[in-house]
Every structure is written in structure tokens, then in C-alpha cells.
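Coordinates as given in query03.pdb (PDB, C-alpha atoms):
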```
ATOM      1  CA  MET H   1      20.997  17.113   6.848  1.00  0.00           C
ATOM      2  CA  GLY H   2      22.065  14.825   9.692  1.00  0.00           C
ATOM      3  CA  GLY H   3      19.580  16.471  12.085  1.00  0.00           C
ATOM      4  CA  SER H   4      16.606  15.357  10.025  1.00  0.00           C
ATOM      5  CA  GLY H   5      17.810  11.763   9.957  1.00  0.00           C
ATOM      6  CA  GLN H   6      18.462  11.828  13.697  1.00  0.00           C
ATOM      7  CA  LYS H   7      14.982  13.222  14.313  1.00  0.00           C
ATOM      8  CA  ALA H   8      13.395  10.441  12.197  1.00  0.00           C
ATOM      9  CA  SER H   9      15.535   7.845  13.991  1.00  0.00           C
ATOM     10  CA  ALA H  10      14.576   9.237  17.398  1.00  0.00           C
ATOM     11  CA  ARG H  11      10.903   9.193  16.425  1.00  0.00           C
ATOM     12  CA  HIS H  12      11.224   5.635  15.141  1.00  0.00           C
ATOM     13  CA  GLU H  13      12.629   4.504  18.486  1.00  0.00           C
ATOM     14  CA  LEU H  14       9.963   6.450  20.354  1.00  0.00           C
ATOM     15  CA  ILE H  15       7.128   4.919  18.314  1.00  0.00           C
ATOM     16  CA  PRO H  16       7.827   1.201  18.083  1.00  0.00           C
ATOM     17  CA  GLY H  17       5.555  -1.446  16.627  1.00  0.00           C
ATOM     18  CA  ASN H  18       2.979  -1.283  13.896  1.00  0.00           C
ATOM     19  CA  ILE H  19       0.600   1.513  12.998  1.00  0.00           C
ATOM     20  CA  PHE H  20      -2.652   0.607  11.253  1.00  0.00           C
ATOM     21  CA  LEU H  21      -4.777   3.280   9.560  1.00  0.00           C
ATOM     22  CA  VAL H  22      -8.538   2.743   9.293  1.00  0.00           C
ATOM     23  CA  GLY H  23     -11.289   4.933   7.880  1.00  0.00           C
ATOM     24  CA  LEU H  24     -13.618   5.348   4.951  1.00  0.00           C
ATOM     25  CA  MET H  25     -12.439   5.610   1.355  1.00  0.00           C
ATOM     26  CA  GLY H  26     -10.883   8.986   0.717  1.00  0.00           C
ATOM     27  CA  ALA H  27      -9.924   9.609   4.352  1.00  0.00           C
ATOM     28  CA  GLY H  28      -6.225   9.740   3.401  1.00  0.00           C
ATOM     29  CA  LYS H  29      -5.043   6.382   4.733  1.00  0.00           C
ATOM     30  CA  THR H  30      -2.661   5.702   1.840  1.00  0.00           C
ATOM     31  CA  SER H  31      -1.350   9.265   1.461  1.00  0.00           C
ATOM     32  CA  VAL H  32      -0.846   9.822   5.184  1.00  0.00           C
ATOM     33  CA  GLY H  33       0.439   6.269   5.656  1.00  0.00           C
ATOM     34  CA  LYS H  34       3.199   6.630   3.062  1.00  0.00           C
ATOM     35  CA  LEU H  35       4.403   9.892   4.581  1.00  0.00           C
ATOM     36  CA  LEU H  36       4.161   8.559   8.130  1.00  0.00           C
ATOM     37  CA  ALA H  37       6.133   5.420   7.230  1.00  0.00           C
ATOM     38  CA  ARG H  38       8.851   7.494   5.587  1.00  0.00           C
ATOM     39  CA  ARG H  39       9.121   9.800   8.609  1.00  0.00           C
ATOM     40  CA  LEU H  40       9.238   6.871  11.054  1.00  0.00           C
ATOM     41  CA  GLY H  41      11.548   4.657   9.008  1.00  0.00           C
ATOM     42  CA  LYS H  42       8.879   1.957   8.792  1.00  0.00           C
ATOM     43  CA  THR H  43       7.720  -0.065   5.781  1.00  0.00           C
ATOM     44  CA  PHE H  44       4.436   1.033   4.209  1.00  0.00           C
ATOM     45  CA  HIS H  45       1.801  -1.432   3.004  1.00  0.00           C
ATOM     46  CA  ASP H  46      -1.593  -0.759   1.436  1.00  0.00           C
ATOM     47  CA  CYS H  47      -3.964  -3.689   1.933  1.00  0.00           C
ATOM     48  CA  ASP H  48      -5.918  -3.105  -1.285  1.00  0.00           C
ATOM     49  CA  GLN H  49      -2.698  -2.828  -3.310  1.00  0.00           C
ATOM     50  CA  GLU H  50      -1.423  -6.068  -1.766  1.00  0.00           C
ATOM     51  CA  ILE H  51      -4.674  -7.813  -2.763  1.00  0.00           C
ATOM     52  CA  GLU H  52      -4.353  -6.451  -6.298  1.00  0.00           C
ATOM     53  CA  ARG H  53      -0.738  -7.604  -6.503  1.00  0.00           C
ATOM     54  CA  ALA H  54      -1.650 -11.093  -5.275  1.00  0.00           C
ATOM     55  CA  THR H  55      -4.595 -11.508  -7.651  1.00  0.00           C
ATOM     56  CA  GLY H  56      -3.194  -9.633 -10.633  1.00  0.00           C
ATOM     57  CA  VAL H  57      -6.419  -7.630 -11.047  1.00  0.00           C
ATOM     58  CA  LYS H  58      -7.881  -4.380  -9.725  1.00  0.00           C
ATOM     59  CA  ILE H  59     -10.330  -4.368  -6.797  1.00  0.00           C
ATOM     60  CA  PRO H  60     -13.363  -3.520  -9.003  1.00  0.00           C
ATOM     61  CA  VAL H  61     -12.699  -6.676 -11.056  1.00  0.00           C
ATOM     62  CA  ILE H  62     -12.641  -8.786  -7.884  1.00  0.00           C
ATOM     63  CA  PHE H  63     -15.969  -7.225  -6.838  1.00  0.00           C
ATOM     64  CA  GLU H  64     -17.400  -7.902 -10.293  1.00  0.00           C
ATOM     65  CA  ILE H  65     -16.305 -11.554 -10.407  1.00  0.00           C
ATOM     66  CA  GLU H  66     -16.480 -12.619  -6.754  1.00  0.00           C
ATOM     67  CA  GLY H  67     -18.820 -10.043  -5.247  1.00  0.00           C
ATOM     68  CA  GLU H  68     -18.205  -8.212  -2.004  1.00  0.00           C
ATOM     69  CA  ALA H  69     -18.136 -11.471  -0.004  1.00  0.00           C
ATOM     70  CA  GLY H  70     -15.313 -12.845  -2.163  1.00  0.00           C
ATOM     71  CA  PHE H  71     -13.355  -9.644  -1.798  1.00  0.00           C
ATOM     72  CA  ARG H  72     -13.877  -9.570   1.992  1.00  0.00           C
ATOM     73  CA  ALA H  73     -12.536 -13.140   2.272  1.00  0.00           C
ATOM     74  CA  ARG H  74      -9.382 -12.089   0.396  1.00  0.00           C
ATOM     75  CA  GLU H  75      -9.144  -8.965   2.542  1.00  0.00           C
ATOM     76  CA  ALA H  76      -9.309 -11.016   5.770  1.00  0.00           C
ATOM     77  CA  LEU H  77      -6.394 -13.190   4.614  1.00  0.00           C
ATOM     78  CA  ALA H  78      -4.387 -10.099   3.687  1.00  0.00           C
ATOM     79  CA  ILE H  79      -5.120  -8.350   7.005  1.00  0.00           C
ATOM     80  CA  ASP H  80      -4.020 -11.442   8.931  1.00  0.00           C
ATOM     81  CA  ALA H  81      -0.745 -11.689   6.989  1.00  0.00           C
ATOM     82  CA  LEU H  82       0.046  -7.973   6.972  1.00  0.00           C
ATOM     83  CA  THR H  83      -0.695  -7.331  10.655  1.00  0.00           C
ATOM     84  CA  ALA H  84       1.656 -10.197  11.546  1.00  0.00           C
ATOM     85  CA  LEU H  85       4.571  -8.215  10.060  1.00  0.00           C
ATOM     86  CA  GLN H  86       6.714  -5.993  12.276  1.00  0.00           C
ATOM     87  CA  GLY H  87       7.594  -2.309  11.985  1.00  0.00           C
ATOM     88  CA  ILE H  88       4.988  -1.370   9.388  1.00  0.00           C
ATOM     89  CA  VAL H  89       2.433   1.302   8.636  1.00  0.00           C
ATOM     90  CA  LEU H  90      -0.638  -0.295   7.073  1.00  0.00           C
ATOM     91  CA  ALA H  91      -3.426   1.454   5.185  1.00  0.00           C
ATOM     92  CA  THR H  92      -6.448  -0.828   5.402  1.00  0.00           C
ATOM     93  CA  GLY H  93      -9.384  -0.866   3.029  1.00  0.00           C
ATOM     94  CA  GLY H  94     -12.410   1.110   4.174  1.00  0.00           C
ATOM     95  CA  GLY H  95     -14.408  -2.038   4.953  1.00  0.00           C
ATOM     96  CA  ALA H  96     -11.668  -3.949   6.755  1.00  0.00           C
ATOM     97  CA  VAL H  97     -13.328  -3.284  10.118  1.00  0.00           C
ATOM     98  CA  LEU H  98     -16.527  -5.088   9.086  1.00  0.00           C
ATOM     99  CA  ALA H  99     -15.075  -8.482  10.001  1.00  0.00           C
ATOM    100  CA  GLU H 100     -14.580  -9.118  13.705  1.00  0.00           C
ATOM    101  CA  GLN H 101     -11.414 -11.152  13.085  1.00  0.00           C
ATOM    102  CA  ASN H 102      -9.891  -8.165  11.245  1.00  0.00           C
ATOM    103  CA  ARG H 103     -10.729  -5.868  14.154  1.00  0.00           C
ATOM    104  CA  ARG H 104      -9.139  -8.359  16.573  1.00  0.00           C
ATOM    105  CA  HIS H 105      -5.944  -8.594  14.491  1.00  0.00           C
ATOM    106  CA  LEU H 106      -5.684  -4.834  14.141  1.00  0.00           C
ATOM    107  CA  ALA H 107      -6.277  -4.132  17.840  1.00  0.00           C
ATOM    108  CA  ALA H 108      -3.909  -6.846  19.059  1.00  0.00           C
ATOM    109  CA  ARG H 109      -1.010  -6.267  16.682  1.00  0.00           C
ATOM    110  CA  GLY H 110      -0.468  -2.520  16.574  1.00  0.00           C
ATOM    111  CA  THR H 111      -1.673   1.004  17.205  1.00  0.00           C
ATOM    112  CA  VAL H 112      -4.886   1.685  15.309  1.00  0.00           C
ATOM    113  CA  VAL H 113      -5.518   5.191  14.001  1.00  0.00           C
ATOM    114  CA  TYR H 114      -8.947   6.161  12.690  1.00  0.00           C
ATOM    115  CA  LEU H 115      -8.738   8.909  10.085  1.00  0.00           C
ATOM    116  CA  SER H 116     -12.216  10.336  10.492  1.00  0.00           C
ATOM    117  CA  ALA H 117     -13.858  12.579   7.915  1.00  0.00           C
ATOM    118  CA  ARG H 118     -17.321  13.873   7.139  1.00  0.00           C
ATOM    119  CA  PRO H 119     -19.046  12.103   4.227  1.00  0.00           C
ATOM    120  CA  GLU H 120     -19.253  15.438   2.374  1.00  0.00           C
ATOM    121  CA  ASP H 121     -15.466  15.876   2.567  1.00  0.00           C
ATOM    122  CA  LEU H 122     -14.930  12.278   1.447  1.00  0.00           C
ATOM    123  CA  TYR H 123     -17.251  12.782  -1.495  1.00  0.00           C
ATOM    124  CA  GLU H 124     -15.193  15.763  -2.696  1.00  0.00           C
ATOM    125  CA  ARG H 125     -12.039  13.632  -2.543  1.00  0.00           C
ATOM    126  CA  VAL H 126     -13.349  10.489  -4.292  1.00  0.00           C
ATOM    127  CA  ARG H 127     -16.112  11.646  -6.631  1.00  0.00           C
ATOM    128  CA  HIS H 128     -13.922  11.376  -9.752  1.00  0.00           C
ATOM    129  CA  ASP H 129     -12.313   8.053  -8.773  1.00  0.00           C
ATOM    130  CA  CYS H 130     -13.837   5.255 -10.852  1.00  0.00           C
ATOM    131  CA  ASN H 131     -12.035   2.549  -8.822  1.00  0.00           C
ATOM    132  CA  ARG H 132     -14.406   2.859  -5.844  1.00  0.00           C
ATOM    133  CA  SER H 133     -16.579  -0.244  -6.234  1.00  0.00           C
ATOM    134  CA  LEU H 134     -18.944   0.597  -3.397  1.00  0.00           C
ATOM    135  CA  LEU H 135     -19.784   3.952  -4.983  1.00  0.00           C
ATOM    136  CA  ALA H 136     -20.571   2.595  -8.461  1.00  0.00           C
ATOM    137  CA  GLY H 137     -24.065   3.533  -9.600  1.00  0.00           C
ATOM    138  CA  GLY H 138     -26.654   5.282  -7.480  1.00  0.00           C
ATOM    139  CA  GLU H 139     -25.930   8.383  -5.437  1.00  0.00           C
ATOM    140  CA  PRO H 140     -22.320   8.383  -4.148  1.00  0.00           C
ATOM    141  CA  LEU H 141     -22.826  10.993  -1.400  1.00  0.00           C
ATOM    142  CA  ALA H 142     -25.840   9.135  -0.023  1.00  0.00           C
ATOM    143  CA  ARG H 143     -23.799   5.893  -0.115  1.00  0.00           C
ATOM    144  CA  LEU H 144     -20.914   7.554   1.750  1.00  0.00           C
ATOM    145  CA  ARG H 145     -23.343   8.775   4.411  1.00  0.00           C
ATOM    146  CA  GLU H 146     -24.725   5.253   4.743  1.00  0.00           C
ATOM    147  CA  LEU H 147     -21.231   3.725   4.982  1.00  0.00           C
ATOM    148  CA  HIS H 148     -20.221   6.346   7.570  1.00  0.00           C
ATOM    149  CA  LEU H 149     -23.274   5.610   9.697  1.00  0.00           C
ATOM    150  CA  LEU H 150     -22.536   1.877   9.604  1.00  0.00           C
ATOM    151  CA  ARG H 151     -18.758   1.936   9.975  1.00  0.00           C
ATOM    152  CA  ASP H 152     -17.980   4.929  12.205  1.00  0.00           C
ATOM    153  CA  PRO H 153     -18.819   3.001  15.411  1.00  0.00           C
ATOM    154  CA  LEU H 154     -16.623   0.088  14.257  1.00  0.00           C
ATOM    155  CA  TYR H 155     -13.681   2.379  13.472  1.00  0.00           C
ATOM    156  CA  ARG H 156     -14.035   4.063  16.859  1.00  0.00           C
ATOM    157  CA  SER H 157     -14.300   0.725  18.688  1.00  0.00           C
ATOM    158  CA  VAL H 158     -10.934  -0.455  17.377  1.00  0.00           C
ATOM    159  CA  ALA H 159      -9.074   2.896  17.333  1.00  0.00           C
ATOM    160  CA  ASP H 160      -6.388   3.880  19.801  1.00  0.00           C
ATOM    161  CA  ILE H 161      -6.318   7.353  18.216  1.00  0.00           C
ATOM    162  CA  VAL H 162      -9.072   9.194  16.338  1.00  0.00           C
ATOM    163  CA  LEU H 163      -7.825  11.969  14.065  1.00  0.00           C
ATOM    164  CA  GLU H 164     -10.293  14.295  12.346  1.00  0.00           C
ATOM    165  CA  THR H 165      -8.998  14.892   8.831  1.00  0.00           C
ATOM    166  CA  GLY H 166     -11.046  17.903   7.723  1.00  0.00           C
ATOM    167  CA  ALA H 167      -9.409  19.923   4.965  1.00  0.00           C
ATOM    168  CA  GLN H 168      -5.829  19.665   6.228  1.00  0.00           C
ATOM    169  CA  SER H 169      -2.967  18.825   3.912  1.00  0.00           C
ATOM    170  CA  VAL H 170      -1.418  15.353   3.994  1.00  0.00           C
ATOM    171  CA  GLN H 171       1.720  16.880   5.525  1.00  0.00           C
ATOM    172  CA  ALA H 172      -0.272  18.581   8.290  1.00  0.00           C
ATOM    173  CA  LEU H 173      -2.165  15.370   9.041  1.00  0.00           C
ATOM    174  CA  ALA H 174       1.031  13.330   9.193  1.00  0.00           C
ATOM    175  CA  ARG H 175       2.645  15.890  11.508  1.00  0.00           C
ATOM    176  CA  GLN H 176      -0.446  15.957  13.750  1.00  0.00           C
ATOM    177  CA  LEU H 177      -0.514  12.153  13.832  1.00  0.00           C
ATOM    178  CA  LEU H 178       3.193  11.938  14.701  1.00  0.00           C
ATOM    179  CA  ASP H 179       2.597  14.335  17.594  1.00  0.00           C
ATOM    180  CA  ARG H 180      -0.364  12.251  18.830  1.00  0.00           C
ATOM    181  CA  LEU H 181       1.617   9.000  18.519  1.00  0.00           C
ATOM    182  CA  GLU H 182       4.528  10.504  20.465  1.00  0.00           C
ATOM    183  CA  THR H 183       2.155  11.688  23.182  1.00  0.00           C
ATOM    184  CA  GLU H 184       0.510   8.245  23.401  1.00  0.00           C
ATOM    185  CA  TRP H 185       3.830   6.420  23.633  1.00  0.00           C
ATOM    186  CA  LYS H 186       5.279   8.814  26.207  1.00  0.00           C
ATOM    187  CA  ALA H 187       2.159   8.372  28.340  1.00  0.00           C
ATOM    188  CA  SER H 188       2.364   4.579  28.146  1.00  0.00           C
ATOM    189  CA  ALA H 189       6.128   4.410  28.811  1.00  0.00           C
TER     190      ALA H 189
END
```

Will you turn the file into C-alpha cells for me?
Amino acid sequence: MGGSGQKASARHELIPGNIFLVGLMGAGKTSVGKLLARRLGKTFHDCDQEIERATGVKIPVIFEIEGEAGFRAREALAIDALTALQGIVLATGGGAVLAEQNRRHLAARGTVVYLSARPEDLYERVRHDCNRSLLAGGEPLARLRELHLLRDPLYRSVADIVLETGAQSVQALARQLLDRLETEWKASA
């Protein structure tokens, strides 16, 4: 029992600072982020959940009332506030990288991890989720391909680590990410 706690503590000391997860919807940012935070003894935050808590409504309602521009303005404020915290794991919204100021905050204030996935894999993960505003109406797989084409270069430009998610379990992804983070920090030490 004590060994596990010591291992988490040792990893926490080895991987200081913030870790920010970026990627398209369904890439696993929230699921992997929660597990990663627990294993590193860091506090987990989900940007979309923080926006919902602050506004008292779900993201689709914000999109409906304020449009995407209104949501992105709220998202920029949240990203600025959250990335200023210390010792956190942050799951960003899929479009957080669209704004240059968000990319600057992410890159300057922590280690950015891009959870990369093929649009087809993402579609399988999110096709039954009715809270995905950008997939409402039309053809969701075609929209995911379009979003991937637009955003993949932005994710890669800000990422310190790119992790292909494929069909791995959340536990396997978190373990693989911990190994990559340890390697990165050892190399920079």
C-alpha cells in the first residue's frame, strides 16, 4: 500500500508544473486527465466544465444563445485563469487552440500534450453524445474530418508531446503518457 503512494509521490516530484491536454472532442482529454492527475497528485480541471459551472448552463446552451464566438470568448477567459494555476492537469475544449492567446498561455505555462486520434475513431466515441455542439446536424464524421484537418496543425504547433490514442484503454494511455512525461523531464533535467 505504501509503495503505490511513494511511487505517485516520486512521479509527482519528477513531473513538476502543469500538464495541459489538447485534442479533438472524444480524444480522451477528460478521462485521461482525471487518471493522470490522480496518479501525479495534481488537481484536475476540465475547461468546459469550468465554463458550465461559471455560467450555470451547458455548453450547447451557450452556443445556442451566444454562438460560437460568444463561447470562444468565455473559453479564452477560462484558459487564461486555469493556466495561471499551479500543479494542475487541464483538459481543454477541442477548439481551445483556435485562439492564438490560448496557444500562447498553454505553451508558456505548462507541458502541452496532444491526444491525437483519427476522425473515424473519434466518431465512434462521440456519435451518441448529444452535447457536442459542433456536431449537431449535418454529417458528424465529415465534420470531424473537417475539424481534424483544420486543428491538427494547431495542436501539433503547441504540443510538447504528441500521443496517438488509437483504441487503447484510458489506463494504457495514462500509463504511456506518464512514461513519456518522465522521459521528457529526465531529458530536460

Find, counting all atoms listed in the file, the residue in H:Ile15, H:Val89, H:Met25, H:Ala96 that gets nearest to Arg180 of chain H.
H:Ile15

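For the pair atom CA of Lys42 of chain H and atom CA of Pro60 of chain H, the separation is 29.0 Å.
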
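In terms of minimum interatomic distance to Ile161 of chain H, H:Leu181 ranks closest within H:Leu181, H:Ala142, H:Ala76, H:Leu106, counting all atoms listed in the file.
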
Selected by the PyMOL selection byres ((chain H and resi 154) around 10) in the shown coordinates: which residues, as a ChimeraX atom specification?
/H:22-23,95-100,103,114,148-153,155-159

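Among the candidate residues H:Val32, H:Glu139, H:Cys47, H:Leu82, the one lying nearest to Asn18 of chain H is H:Leu82, with distances computed using all atoms listed in the file.
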
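Atom CA of Leu173 of chain H sits 10.1 Å away from atom CA of Gly33 of chain H.
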
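Look at Asp160 of chain H: the protein and nucleic acid residues within 7 Å of it, using all atoms listed in the file and passing over chain neighbours fewer than 2 places away, are Thr111, Val112, Val113, Val158 and Val162 of chain H.
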
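The space between atom CA of Gly87 of chain H and atom CA of Ala54 of chain H spans 21.5 Å.
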
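Minimum atom-to-atom distance to Ala167 of chain H, evaluated using only C-alpha atoms, belongs to H:Glu120 out of H:Glu120, H:Leu77, H:Ile59, H:Phe20.
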
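Considering the residues H:Ile62, H:Asp48, H:Gln171, H:Gly166 and counting only C-alpha atoms, Glu124 of chain H has its shortest atom-to-atom contact with H:Gly166.
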
Let me know the residues the PyMOL selection byres ((chain H and resi 118) around 10) catches in the file above, as a VMD selection string.
chain H and resid 24 27 116 to 117 119 to 123 144 to 145 148 164 to 166

Next, write the just-selected residues to a file, as a PDB file, in the coordinates of the input, keeping C-alpha atoms as the atom set.
```pdb
ATOM      1  CA  LEU H  24     -13.618   5.348   4.951  1.00  0.00           C
ATOM      2  CA  ALA H  27      -9.924   9.609   4.352  1.00  0.00           C
ATOM      3  CA  SER H 116     -12.216  10.336  10.492  1.00  0.00           C
ATOM      4  CA  ALA H 117     -13.858  12.579   7.915  1.00  0.00           C
ATOM      5  CA  PRO H 119     -19.046  12.103   4.227  1.00  0.00           C
ATOM      6  CA  GLU H 120     -19.253  15.438   2.374  1.00  0.00           C
ATOM      7  CA  ASP H 121     -15.466  15.876   2.567  1.00  0.00           C
ATOM      8  CA  LEU H 122     -14.930  12.278   1.447  1.00  0.00           C
ATOM      9  CA  TYR H 123     -17.251  12.782  -1.495  1.00  0.00           C
ATOM     10  CA  LEU H 144     -20.914   7.554   1.750  1.00  0.00           C
ATOM     11  CA  ARG H 145     -23.343   8.775   4.411  1.00  0.00           C
ATOM     12  CA  HIS H 148     -20.221   6.346   7.570  1.00  0.00           C
ATOM     13  CA  GLU H 164     -10.293  14.295  12.346  1.00  0.00           C
ATOM     14  CA  THR H 165      -8.998  14.892   8.831  1.00  0.00           C
ATOM     15  CA  GLY H 166     -11.046  17.903   7.723  1.00  0.00           C
TER      16      GLY H 166
END
```
